[in-house]
>>> print(open('model-v2.cif').read())   # mmCIF, C-alpha atoms and all ligand atoms
data_structure
loop_
_atom_site.label_atom_id
_atom_site.label_comp_id
_atom_site.auth_asym_id
_atom_site.auth_seq_id
_atom_site.Cartn_x
_atom_site.Cartn_y
_atom_site.Cartn_z
CA MET A 1 18.22 -19.24 1.25
CA ASN A 2 16.10 -20.29 4.22
CA ALA A 3 12.65 -21.78 3.74
CA ALA A 4 10.85 -19.35 6.05
CA PRO A 5 7.66 -17.92 4.54
CA ALA A 6 8.05 -14.69 2.59
CA ILE A 7 5.47 -13.10 4.93
CA GLU A 8 4.13 -14.36 8.21
CA THR A 9 2.03 -12.47 10.73
CA HIS A 10 0.47 -13.55 14.01
CA ALA A 11 -2.29 -11.49 15.61
CA LEU A 12 -0.83 -8.36 14.00
CA THR A 13 -2.71 -5.35 15.31
CA LYS A 14 -2.69 -1.58 14.82
CA VAL A 15 -4.88 0.75 16.81
CA TYR A 16 -4.98 4.47 15.97
CA GLY A 17 -6.60 6.20 18.94
CA VAL A 18 -10.03 4.59 19.11
CA LYS A 19 -9.81 3.13 15.58
CA THR A 20 -8.59 -0.45 15.17
CA ALA A 21 -7.14 -0.45 11.64
CA VAL A 22 -5.69 -3.99 11.79
CA ASP A 23 -7.15 -6.52 14.18
CA ARG A 24 -5.25 -9.72 15.10
CA LEU A 25 -4.34 -10.40 11.49
CA ASP A 26 -2.89 -13.85 10.68
CA LEU A 27 -1.27 -14.26 7.30
CA ARG A 28 1.20 -16.60 5.67
CA VAL A 29 2.62 -16.12 2.19
CA GLU A 30 5.00 -18.80 0.97
CA GLN A 31 8.10 -18.17 -1.09
CA GLY A 32 7.24 -18.31 -4.79
CA GLU A 33 3.58 -17.53 -4.22
CA VAL A 34 1.53 -14.76 -5.84
CA PHE A 35 -0.84 -13.67 -3.10
CA GLY A 36 -3.78 -11.29 -3.36
CA PHE A 37 -4.84 -9.19 -0.36
CA LEU A 38 -8.46 -8.23 -0.87
CA GLY A 39 -10.86 -6.16 1.12
CA PRO A 40 -13.12 -3.14 1.00
CA ASN A 41 -11.88 0.41 1.46
CA GLY A 42 -10.56 0.97 4.95
CA ALA A 43 -10.12 -2.77 5.67
CA GLY A 44 -6.56 -2.21 6.86
CA LYS A 45 -4.62 -3.44 3.82
CA THR A 46 -2.26 -0.49 3.48
CA THR A 47 -1.70 -0.34 7.24
CA THR A 48 -0.73 -4.03 7.17
CA ILE A 49 1.76 -3.40 4.37
CA LYS A 50 3.20 -0.43 6.28
CA MET A 51 3.72 -2.63 9.35
CA LEU A 52 5.46 -5.29 7.22
CA LEU A 53 7.86 -2.59 6.03
CA ASN A 54 8.42 -1.03 9.47
CA LEU A 55 6.81 2.24 8.33
CA VAL A 56 4.18 1.86 11.05
CA THR A 57 4.76 0.29 14.46
CA PRO A 58 2.23 -2.42 15.43
CA THR A 59 0.36 -2.08 18.70
CA GLY A 60 0.20 -5.86 19.00
CA GLY A 61 1.18 -9.18 17.48
CA GLU A 62 4.15 -9.82 15.24
CA ALA A 63 5.28 -9.96 11.64
CA HIS A 64 8.19 -11.62 9.88
CA LEU A 65 9.62 -11.35 6.37
CA PHE A 66 11.73 -14.40 5.50
CA GLY A 67 11.89 -15.12 9.21
CA LEU A 68 13.12 -11.65 10.18
CA PRO A 69 11.13 -9.00 12.04
CA PRO A 70 10.49 -5.77 10.08
CA THR A 71 12.55 -3.85 12.67
CA ASP A 72 15.60 -5.72 11.36
CA THR A 73 16.77 -3.60 8.40
CA SER A 74 18.10 -6.66 6.59
CA SER A 75 14.50 -7.98 6.29
CA ARG A 76 13.96 -5.31 3.62
CA THR A 77 17.02 -6.09 1.50
CA ARG A 78 14.97 -8.85 -0.14
CA VAL A 79 11.85 -6.76 -0.60
CA GLY A 80 10.69 -4.42 -3.35
CA PHE A 81 7.79 -2.07 -2.70
CA LEU A 82 5.50 -0.01 -4.87
CA PRO A 83 3.38 2.21 -2.59
CA GLU A 84 -0.13 3.21 -3.58
CA HIS A 85 0.73 6.91 -3.65
CA PHE A 86 4.32 7.17 -4.72
CA ARG A 87 5.92 10.61 -4.37
CA PHE A 88 8.18 10.95 -7.35
CA HIS A 89 11.23 13.18 -7.51
CA ASP A 90 9.92 14.81 -10.64
CA TRP A 91 13.04 16.85 -11.37
CA LEU A 92 15.04 13.63 -11.88
CA THR A 93 15.18 11.69 -15.13
CA ALA A 94 14.00 8.06 -15.12
CA VAL A 95 17.62 6.87 -15.00
CA GLU A 96 18.58 9.27 -12.19
CA PHE A 97 15.52 8.23 -10.21
CA LEU A 98 16.39 4.53 -10.48
CA GLN A 99 20.04 5.30 -9.67
CA LEU A 100 18.92 7.06 -6.49
CA HIS A 101 16.83 4.06 -5.44
CA GLY A 102 19.64 1.67 -6.34
CA GLU A 103 21.96 3.70 -4.11
CA LEU A 104 19.38 3.73 -1.30
CA CYS A 105 19.40 -0.08 -1.60
CA ARG A 106 23.21 0.09 -1.35
CA LEU A 107 23.77 -1.58 -4.71
CA SER A 108 27.19 -1.17 -6.29
CA ARG A 109 27.63 1.33 -9.15
CA GLU A 110 28.34 -1.52 -11.59
CA VAL A 111 25.14 -3.36 -10.67
CA ILE A 112 23.12 -0.14 -10.93
CA ARG A 113 24.64 0.71 -14.34
CA GLU A 114 23.94 -2.76 -15.66
CA ARG A 115 20.45 -3.15 -14.22
CA ILE A 116 18.76 0.16 -15.02
CA PRO A 117 18.54 -0.21 -18.82
CA LEU A 118 17.16 -3.74 -18.36
CA LEU A 119 14.52 -2.50 -15.91
CA LEU A 120 13.47 0.39 -18.14
CA GLU A 121 13.17 -2.06 -21.02
CA ARG A 122 11.12 -4.39 -18.84
CA VAL A 123 8.56 -1.69 -18.03
CA GLY A 124 8.49 -0.32 -21.58
CA LEU A 125 10.25 2.99 -20.84
CA ALA A 126 13.62 2.44 -22.53
CA GLU A 127 13.17 5.36 -24.93
CA PHE A 128 12.30 7.72 -22.07
CA ALA A 129 15.37 6.92 -19.98
CA GLY A 130 16.72 10.49 -20.11
CA HIS A 131 13.39 12.29 -19.77
CA PRO A 132 12.52 14.09 -16.51
CA LEU A 133 9.71 12.45 -14.54
CA ARG A 134 7.67 15.70 -14.55
CA THR A 135 7.04 15.09 -18.27
CA PHE A 136 5.68 11.57 -17.60
CA SER A 137 2.02 10.62 -17.77
CA LYS A 138 0.35 8.93 -14.78
CA GLY A 139 0.79 5.51 -16.42
CA MET A 140 4.47 6.17 -17.16
CA LEU A 141 5.03 7.17 -13.52
CA GLN A 142 3.39 3.95 -12.41
CA ARG A 143 5.74 2.02 -14.70
CA VAL A 144 8.85 3.75 -13.40
CA GLY A 145 7.54 3.08 -9.88
CA LEU A 146 7.40 -0.61 -10.75
CA ALA A 147 10.98 -0.49 -12.07
CA GLN A 148 11.94 1.11 -8.74
CA ALA A 149 10.28 -1.80 -6.86
CA LEU A 150 12.50 -4.23 -8.79
CA VAL A 151 15.78 -2.33 -8.59
CA ASN A 152 17.27 -4.55 -5.86
CA ASP A 153 16.19 -7.79 -7.60
CA PRO A 154 13.90 -8.60 -4.64
CA LEU A 155 12.64 -12.03 -3.58
CA LEU A 156 9.36 -10.50 -2.44
CA VAL A 157 7.59 -7.70 -4.29
CA ILE A 158 4.82 -5.85 -2.46
CA LEU A 159 2.54 -3.99 -4.85
CA ASP A 160 -0.10 -1.65 -3.44
CA GLU A 161 -2.66 -1.02 -6.22
CA PRO A 162 -0.09 -1.41 -9.03
CA THR A 163 -2.60 -1.07 -11.85
CA SER A 164 -4.32 2.08 -10.62
CA GLY A 165 -3.99 4.71 -13.31
CA LEU A 166 -2.86 2.23 -15.92
CA ASP A 167 -4.53 1.72 -19.29
CA PRO A 168 -5.19 -1.85 -20.55
CA VAL A 169 -1.69 -2.05 -22.10
CA GLY A 170 -0.13 -1.03 -18.79
CA ARG A 171 -2.29 -3.51 -16.88
CA ARG A 172 -1.18 -6.25 -19.23
CA LEU A 173 2.43 -5.28 -18.57
CA VAL A 174 1.93 -5.59 -14.80
CA ARG A 175 0.25 -8.96 -15.28
CA ASP A 176 3.13 -10.22 -17.46
CA LEU A 177 5.64 -8.88 -14.97
CA ILE A 178 3.94 -10.76 -12.14
CA HIS A 179 3.96 -13.96 -14.21
CA GLU A 180 7.69 -13.50 -14.88
CA LEU A 181 8.37 -12.93 -11.19
CA ARG A 182 6.51 -16.11 -10.33
CA GLN A 183 8.51 -18.04 -12.91
CA GLU A 184 11.69 -16.72 -11.32
CA GLY A 185 10.44 -18.15 -8.00
CA LYS A 186 9.76 -14.72 -6.48
CA SER A 187 6.82 -13.95 -4.18
CA VAL A 188 4.34 -11.21 -4.96
CA PHE A 189 1.99 -9.64 -2.44
CA LEU A 190 -0.68 -7.80 -4.36
CA ASN A 191 -3.15 -5.35 -2.94
CA SER A 192 -5.67 -4.52 -5.63
CA HIS A 193 -9.32 -3.66 -6.10
CA LEU A 194 -9.22 -4.91 -9.68
CA LEU A 195 -10.56 -8.37 -8.99
CA SER A 196 -10.44 -9.48 -12.62
CA GLU A 197 -6.67 -8.86 -12.54
CA VAL A 198 -6.27 -10.64 -9.22
CA GLU A 199 -8.28 -13.58 -10.50
CA ILE A 200 -5.85 -14.25 -13.33
CA THR A 201 -2.62 -13.50 -11.51
CA CYS A 202 -2.89 -14.83 -7.96
CA ASP A 203 -2.38 -18.34 -6.57
CA ARG A 204 -4.19 -17.54 -3.32
CA VAL A 205 -6.15 -14.66 -1.89
CA ALA A 206 -7.04 -13.49 1.61
CA PHE A 207 -10.30 -11.64 2.17
CA VAL A 208 -9.88 -9.02 4.87
CA LYS A 209 -12.53 -6.92 6.59
CA HIS A 210 -12.24 -4.65 9.64
CA GLY A 211 -8.54 -5.52 9.77
CA HIS A 212 -9.10 -9.25 10.13
CA VAL A 213 -8.68 -12.11 7.64
CA LEU A 214 -12.11 -13.68 7.13
CA GLU A 215 -10.98 -16.37 4.74
CA THR A 216 -8.06 -17.45 2.57
CA ARG A 217 -8.81 -19.23 -0.69
CA SER A 218 -6.84 -20.92 -3.40
CA LEU A 219 -7.65 -19.68 -6.89
CA GLN A 220 -6.26 -22.74 -8.63
CA GLY A 221 -9.73 -24.08 -9.37
CA LEU A 222 -10.87 -20.75 -10.73
CA GLN A 223 -7.75 -20.28 -12.82
CA ALA A 224 -8.28 -23.62 -14.45
CA GLY A 225 -11.75 -22.29 -15.27
CA GLU A 226 -13.69 -24.67 -13.08
CA LEU A 227 -17.27 -24.49 -14.16
CA ARG A 228 -20.30 -25.16 -12.06
CA VAL A 229 -23.33 -26.52 -13.75
CA VAL A 230 -26.84 -27.00 -12.41
CA VAL A 231 -28.66 -29.92 -14.04
CA ARG A 232 -32.45 -30.15 -13.68
CA THR A 233 -33.65 -33.66 -14.43
CA SER A 234 -36.47 -36.09 -13.97
CA GLY A 235 -36.19 -39.80 -13.31
CA LEU A 236 -32.75 -39.61 -11.73
CA PRO A 237 -31.86 -42.81 -9.83
CA PRO A 238 -30.42 -42.44 -6.28
CA THR A 239 -26.92 -43.22 -7.61
CA LEU A 240 -25.60 -43.14 -11.13
CA ASP A 241 -22.29 -44.92 -11.72
CA GLY A 242 -20.04 -43.28 -14.26
CA MET A 243 -21.15 -39.68 -13.68
CA GLU A 244 -17.96 -38.89 -11.74
CA ARG A 245 -15.97 -38.93 -14.98
CA PHE A 246 -17.69 -35.65 -15.99
CA GLY A 247 -17.03 -33.79 -12.76
CA ARG A 248 -17.42 -33.56 -9.01
CA LEU A 249 -20.89 -33.70 -7.46
CA VAL A 250 -21.25 -30.55 -5.33
CA GLN A 251 -24.86 -30.92 -4.29
CA ARG A 252 -28.02 -32.89 -5.01
CA GLU A 253 -31.48 -31.63 -4.20
CA GLY A 254 -34.13 -34.08 -5.40
CA ASP A 255 -33.68 -34.37 -9.15
CA THR A 256 -31.48 -31.27 -9.39
CA LEU A 257 -27.72 -31.71 -9.35
CA THR A 258 -24.89 -29.21 -9.03
CA LEU A 259 -21.64 -30.44 -10.53
CA ALA A 260 -18.18 -28.88 -10.83
CA VAL A 261 -16.85 -29.76 -14.26
CA LYS A 262 -13.45 -28.94 -15.67
CA ASP A 263 -14.62 -27.31 -18.89
CA GLU A 264 -17.57 -26.68 -21.18
CA GLU A 265 -16.75 -29.74 -23.30
CA GLN A 266 -18.17 -31.88 -20.52
CA LEU A 267 -21.67 -30.43 -20.86
CA PRO A 268 -22.90 -32.21 -24.07
CA ARG A 269 -21.14 -35.40 -22.92
CA LEU A 270 -22.91 -35.25 -19.58
CA ASN A 271 -26.22 -34.62 -21.33
CA ARG A 272 -25.77 -37.65 -23.65
CA PHE A 273 -24.74 -39.81 -20.70
CA LEU A 274 -27.83 -38.89 -18.65
CA VAL A 275 -30.18 -39.43 -21.59
CA SER A 276 -28.55 -42.81 -22.33
CA LYS A 277 -29.35 -43.80 -18.72
CA GLY A 278 -33.03 -42.95 -19.22
CA VAL A 279 -32.87 -39.62 -17.34
CA ASP A 280 -34.84 -36.69 -18.80
CA VAL A 281 -32.78 -33.48 -18.85
CA TYR A 282 -34.87 -30.31 -18.57
CA ALA A 283 -32.07 -27.78 -18.11
CA LEU A 284 -28.32 -27.71 -17.96
CA THR A 285 -27.22 -24.29 -16.73
CA PRO A 286 -23.53 -23.37 -16.44
CA GLN A 287 -22.63 -20.99 -13.58
CA ARG A 288 -19.26 -19.43 -13.04
CA SER A 289 -18.51 -18.03 -9.60
CA SER A 290 -16.26 -15.07 -10.27
CA LEU A 291 -13.88 -13.66 -7.70
CA GLU A 292 -16.16 -10.65 -7.52
CA GLU A 293 -19.09 -12.86 -6.52
CA GLN A 294 -16.90 -14.59 -3.93
CA PHE A 295 -15.77 -11.21 -2.63
CA LEU A 296 -19.36 -10.01 -2.18
CA GLN A 297 -20.35 -13.31 -0.61
CA ILE A 298 -17.52 -13.26 1.94
CA ILE A 299 -17.19 -9.52 2.60
CA GLY A 300 -20.89 -8.66 2.23
CA THR A 301 -22.37 -5.76 0.33
CA ASP A 302 -22.03 -3.33 3.24
CA GLY A 303 -18.28 -3.05 2.61
CA GLY A 304 -16.19 -2.59 5.69
CA LEU A 305 -16.75 1.01 6.70
P1 LIG B 1 -8.20 1.37 0.83
O1 LIG B 1 -8.60 0.13 0.09
O2 LIG B 1 -9.26 2.42 0.83
O3 LIG B 1 -6.84 1.90 0.45
P2 LIG B 1 -7.12 0.03 3.21
O4 LIG B 1 -7.70 -1.32 3.34
O5 LIG B 1 -5.74 0.15 2.67
O6 LIG B 1 -8.13 0.98 2.41
P3 LIG B 1 -6.08 1.47 5.51
O7 LIG B 1 -5.56 2.63 4.72
O8 LIG B 1 -5.08 0.51 6.04
O9 LIG B 1 -7.19 0.68 4.68
O10 LIG B 1 -6.94 2.06 6.70
C1 LIG B 1 -7.59 1.24 7.67
C2 LIG B 1 -8.31 2.12 8.67
O11 LIG B 1 -7.38 2.82 9.49
C3 LIG B 1 -9.19 3.21 8.04
O12 LIG B 1 -10.36 3.34 8.79
C4 LIG B 1 -8.34 4.45 8.13
O13 LIG B 1 -9.15 5.59 8.22
C5 LIG B 1 -7.57 4.21 9.41
N1 LIG B 1 -6.24 4.84 9.38
C6 LIG B 1 -5.25 4.58 8.50
N2 LIG B 1 -4.16 5.30 8.77
C7 LIG B 1 -4.47 6.08 9.85
C8 LIG B 1 -3.77 7.08 10.62
N3 LIG B 1 -2.51 7.41 10.34
N4 LIG B 1 -4.42 7.63 11.65
C9 LIG B 1 -5.69 7.29 11.96
N5 LIG B 1 -6.42 6.36 11.28
C10 LIG B 1 -5.81 5.77 10.24
#
>>> encode(input="model-v2.cif", output="structure tokens")
Amino acid sequence: MNAAPAIETHALTKVYGVKTAVDRLDLRVEQGEVFGFLGPNGAGKTTTIKMLLNLVTPTGGEAHLFGLPPTDTSSRTRVGFLPEHFRFHDWLTAVEFLQLHGELCRLSREVIRERIPLLLERVGLAEFAGHPLRTFSKGMLQRVGLAQALVNDPLLVILDEPTSGLDPVGRRLVRDLIHELRQEGKSVFLNSHLLSEVEITCDRVAFVKHGHVLETRSLQGLQAGELRVVVRTSGLPPTLDGMERFGRLVQREGDTLTLAVKDEEQLPRLNRFLVSKGVDVYALTPQRSSLEEQFLQIIGTDGGL
């Protein structure tokens, strides 16, 4: 397998008439990475995905999947895709539906026969294998759609709003599935408005607005639960040796410090340390910057419309 990124775009652009849906978009998703693609409604996320899959032709720039342009059919042999609005063949049973998609992926009959029960088990639908899709609930359809996205054992799975319509059990299943895919070394490209889900599943996120990536951030710090704490003191000397063992100094304004500490356990320790150095502590206020706060900070509250 080559080491080319799972997804790479340079100045990717799509203009519909007078509307620029995607505007010189630069993106790089490494193999084995779980990547969140975040942005307000109409930011160009779905259009970007469609260009990656050769469903929409770009008006500018370029895209590559594992080093191959989307116009090369073989670029998609390694990709699984769950669209936001999947049109299901509701007269087919779950097994027939997955067989059809296996055949569309040109898998052999043996592989299809072997893989389908495993996939249905994986998405919690084993007992509904022979039921027609028209009898499925919205959540069950979403699950069979996920099984469809995995039918060709892809190296990259593109999920457009995979948890929409799912109850908490279904959302948990998607989260577990993404964790499993990461452990198998697969890449996941996740487009979701459910930031709490993104926060716990993604390694990195890109914030996109008006079709352009504003910022890409690693969520490693957040996943580890990095905690910011504001400490209001009096009598703080200009430097205080030993404080670095509690966390990283983010900012100091007079006698008020902002520190990034690794967990809550550090707070009483830090307090005792400051007091032992003759510093009066008036307040020690933990602050967690959620992904939602970051989103609003970067994207703004006006959305992208
Ligand atoms: P959402 O989060 O609401 O799904 P999105 O980020 O996926 O939004 P897109 O669906 O990619 O956004 O749409 C980006 C912009 O391009 C929107 O303004 C949309 O109206 C416009 N657009 C999308 N498809 C077309 C089309 N076929 N013709 C004209 N305009 C389009």
>>> closest_atom_pairs(input="model-v2.cif", of="chain A", to="ligand LIG 1 (chain B)", cutoff="6 Å", atoms="only C-alpha atoms and all ligand atoms", output="tab-separated table")
residue	atom	partner	partner_atom	distance
A:Tyr16	CA	B:LIG1	C9	5.0
A:Ala21	CA	B:LIG1	O11	3.9
A:Pro40	CA	B:LIG1	O1	5.7
A:Asn41	CA	B:LIG1	O2	3.4
A:Gly42	CA	B:LIG1	O9	3.4
A:Ala43	CA	B:LIG1	O4	3.7
A:Gly44	CA	B:LIG1	O8	3.2
A:Lys45	CA	B:LIG1	O4	3.8
A:Thr46	CA	B:LIG1	O5	3.6
A:Thr47	CA	B:LIG1	O8	3.7
>>> closest_residue(input="model-v2.cif", among="A:Leu125, A:Leu181, A:Val144, A:Leu267", to="A:Gln99", atoms="only C-alpha atoms")
A:Val144
>>> closest_atom_pairs(input="model-v2.cif", of="stretch 4-114 of chain A", to="stretch 183-190 of chain A", cutoff="12 Å", atoms="only C-alpha atoms", output="tab-separated table")
residue	atom	partner	partner_atom	distance
A:Pro5	CA	A:Ser187	CA	9.6
A:Ala6	CA	A:Ser187	CA	6.9
A:Ile7	CA	A:Phe189	CA	8.9
A:Glu8	CA	A:Phe189	CA	11.8
A:Leu27	CA	A:Phe189	CA	11.3
A:Arg28	CA	A:Phe189	CA	10.7
A:Val29	CA	A:Ser187	CA	7.9
A:Glu30	CA	A:Ser187	CA	7.3
A:Gln31	CA	A:Ser187	CA	5.4
A:Gly32	CA	A:Ser187	CA	4.4
A:Glu33	CA	A:Ser187	CA	4.8
A:Val34	CA	A:Val188	CA	4.6
A:Phe35	CA	A:Phe189	CA	5.0
A:Gly36	CA	A:Leu190	CA	4.8
A:Phe37	CA	A:Leu190	CA	5.9
A:Leu38	CA	A:Leu190	CA	8.5
A:Gly39	CA	A:Leu190	CA	11.7
A:Lys45	CA	A:Leu190	CA	10.1
A:Thr46	CA	A:Leu190	CA	10.8
A:Thr48	CA	A:Phe189	CA	11.5
A:Ile49	CA	A:Phe189	CA	9.2
A:Leu52	CA	A:Phe189	CA	11.1
A:Leu65	CA	A:Ser187	CA	11.2
A:Phe66	CA	A:Ser187	CA	10.9
A:Arg78	CA	A:Lys186	CA	10.1
A:Val79	CA	A:Ser187	CA	9.5
A:Gly80	CA	A:Val188	CA	9.4
A:Phe81	CA	A:Phe189	CA	9.5
A:Leu82	CA	A:Leu190	CA	10.0
A:Pro83	CA	A:Leu190	CA	10.9
A:Glu84	CA	A:Leu190	CA	11.1
>>> residues_around(input="model-v2.cif", residues="stretch 128-136 of chain A", least_positions_apart="6", cutoff="8 Å", atoms="only C-alpha atoms", output="PyMOL selection string")
chain A and resi 88-95+117+120
>>> atom_distance(input="model-v2.cif", atom1="atom CA of A:Ser290", atom2="atom CA of A:Leu156")
27.2 Å
>>> residues_around(input="model-v2.cif", residues="A:Ser218", least_positions_apart="6", cutoff="7 Å", atoms="only C-alpha atoms", output="number ranges by chain")
A: 203-205
>>> atom_distance(input="model-v2.cif", atom1="atom CA of A:Thr256", atom2="atom CA of A:Phe273")
15.7 Å
>>> closest_residue(input="model-v2.cif", among="A:Val230, A:Ala147, A:Leu98, A:Leu166", to="A:Leu194", atoms="only C-alpha atoms")
A:Leu166
>>> closest_residue(input="model-v2.cif", among="A:Ser192, A:Thr71, A:Gln297, A:Thr59", to="A:Ala11", atoms="only C-alpha atoms")
A:Thr59
>>> closest_residue(input="model-v2.cif", among="A:Glu293, A:Glu96, A:Glu121, A:Asp23", to="A:Gly60", atoms="only C-alpha atoms")
A:Asp23
>>> closest_atom_pairs(input="model-v2.cif", of="stretch 255-294 of chain A", to="stretch 236-250 of chain A", cutoff="6 Å", atoms="only C-alpha atoms", output="JSON lines")
{"residue": "A:Asp255", "atom": "CA", "partner": "A:Leu236", "partner_atom": "CA", "distance": 5.9}
{"residue": "A:Thr258", "atom": "CA", "partner": "A:Val250", "partner_atom": "CA", "distance": 5.4}
{"residue": "A:Leu259", "atom": "CA", "partner": "A:Leu249", "partner_atom": "CA", "distance": 4.5}
{"residue": "A:Ala260", "atom": "CA", "partner": "A:Arg248", "partner_atom": "CA", "distance": 5.1}
{"residue": "A:Val261", "atom": "CA", "partner": "A:Gly247", "partner_atom": "CA", "distance": 4.3}
{"residue": "A:Gln266", "atom": "CA", "partner": "A:Phe246", "partner_atom": "CA", "distance": 5.9}
{"residue": "A:Val279", "atom": "CA", "partner": "A:Leu236", "partner_atom": "CA", "distance": 5.6}
>>> residues_around(input="model-v2.cif", residues="A:Pro268", least_positions_apart="5", cutoff="12 Å", atoms="all atoms listed in the file", output="number ranges by chain")
A: 229, 231, 246, 261, 263, 273-275, 281, 283-286
>>> closest_residue(input="model-v2.cif", among="A:Leu55, A:Leu150, A:Val15, A:Met140", to="A:Arg171", atoms="all atoms listed in the file")
A:Met140
>>> atom_distance(input="model-v2.cif", atom1="atom CA of A:Leu68", atom2="atom CA of A:Thr216")
23.2 Å
>>> closest_residue(input="model-v2.cif", among="A:Glu161, A:Asp302, A:Asp26, A:Glu110", to="A:Glu215", atoms="only C-alpha atoms")
A:Asp26
>>> axis_aligned_box(input="model-v2.cif", around="stretch 121-126 of chain A", padding_each_side="6 Å", output="AutoDock Vina command-line options")
--center_x 11.1 --center_y -0.7 --center_z -20.3 --size_x 17.1 --size_y 19.4 --size_z 16.5
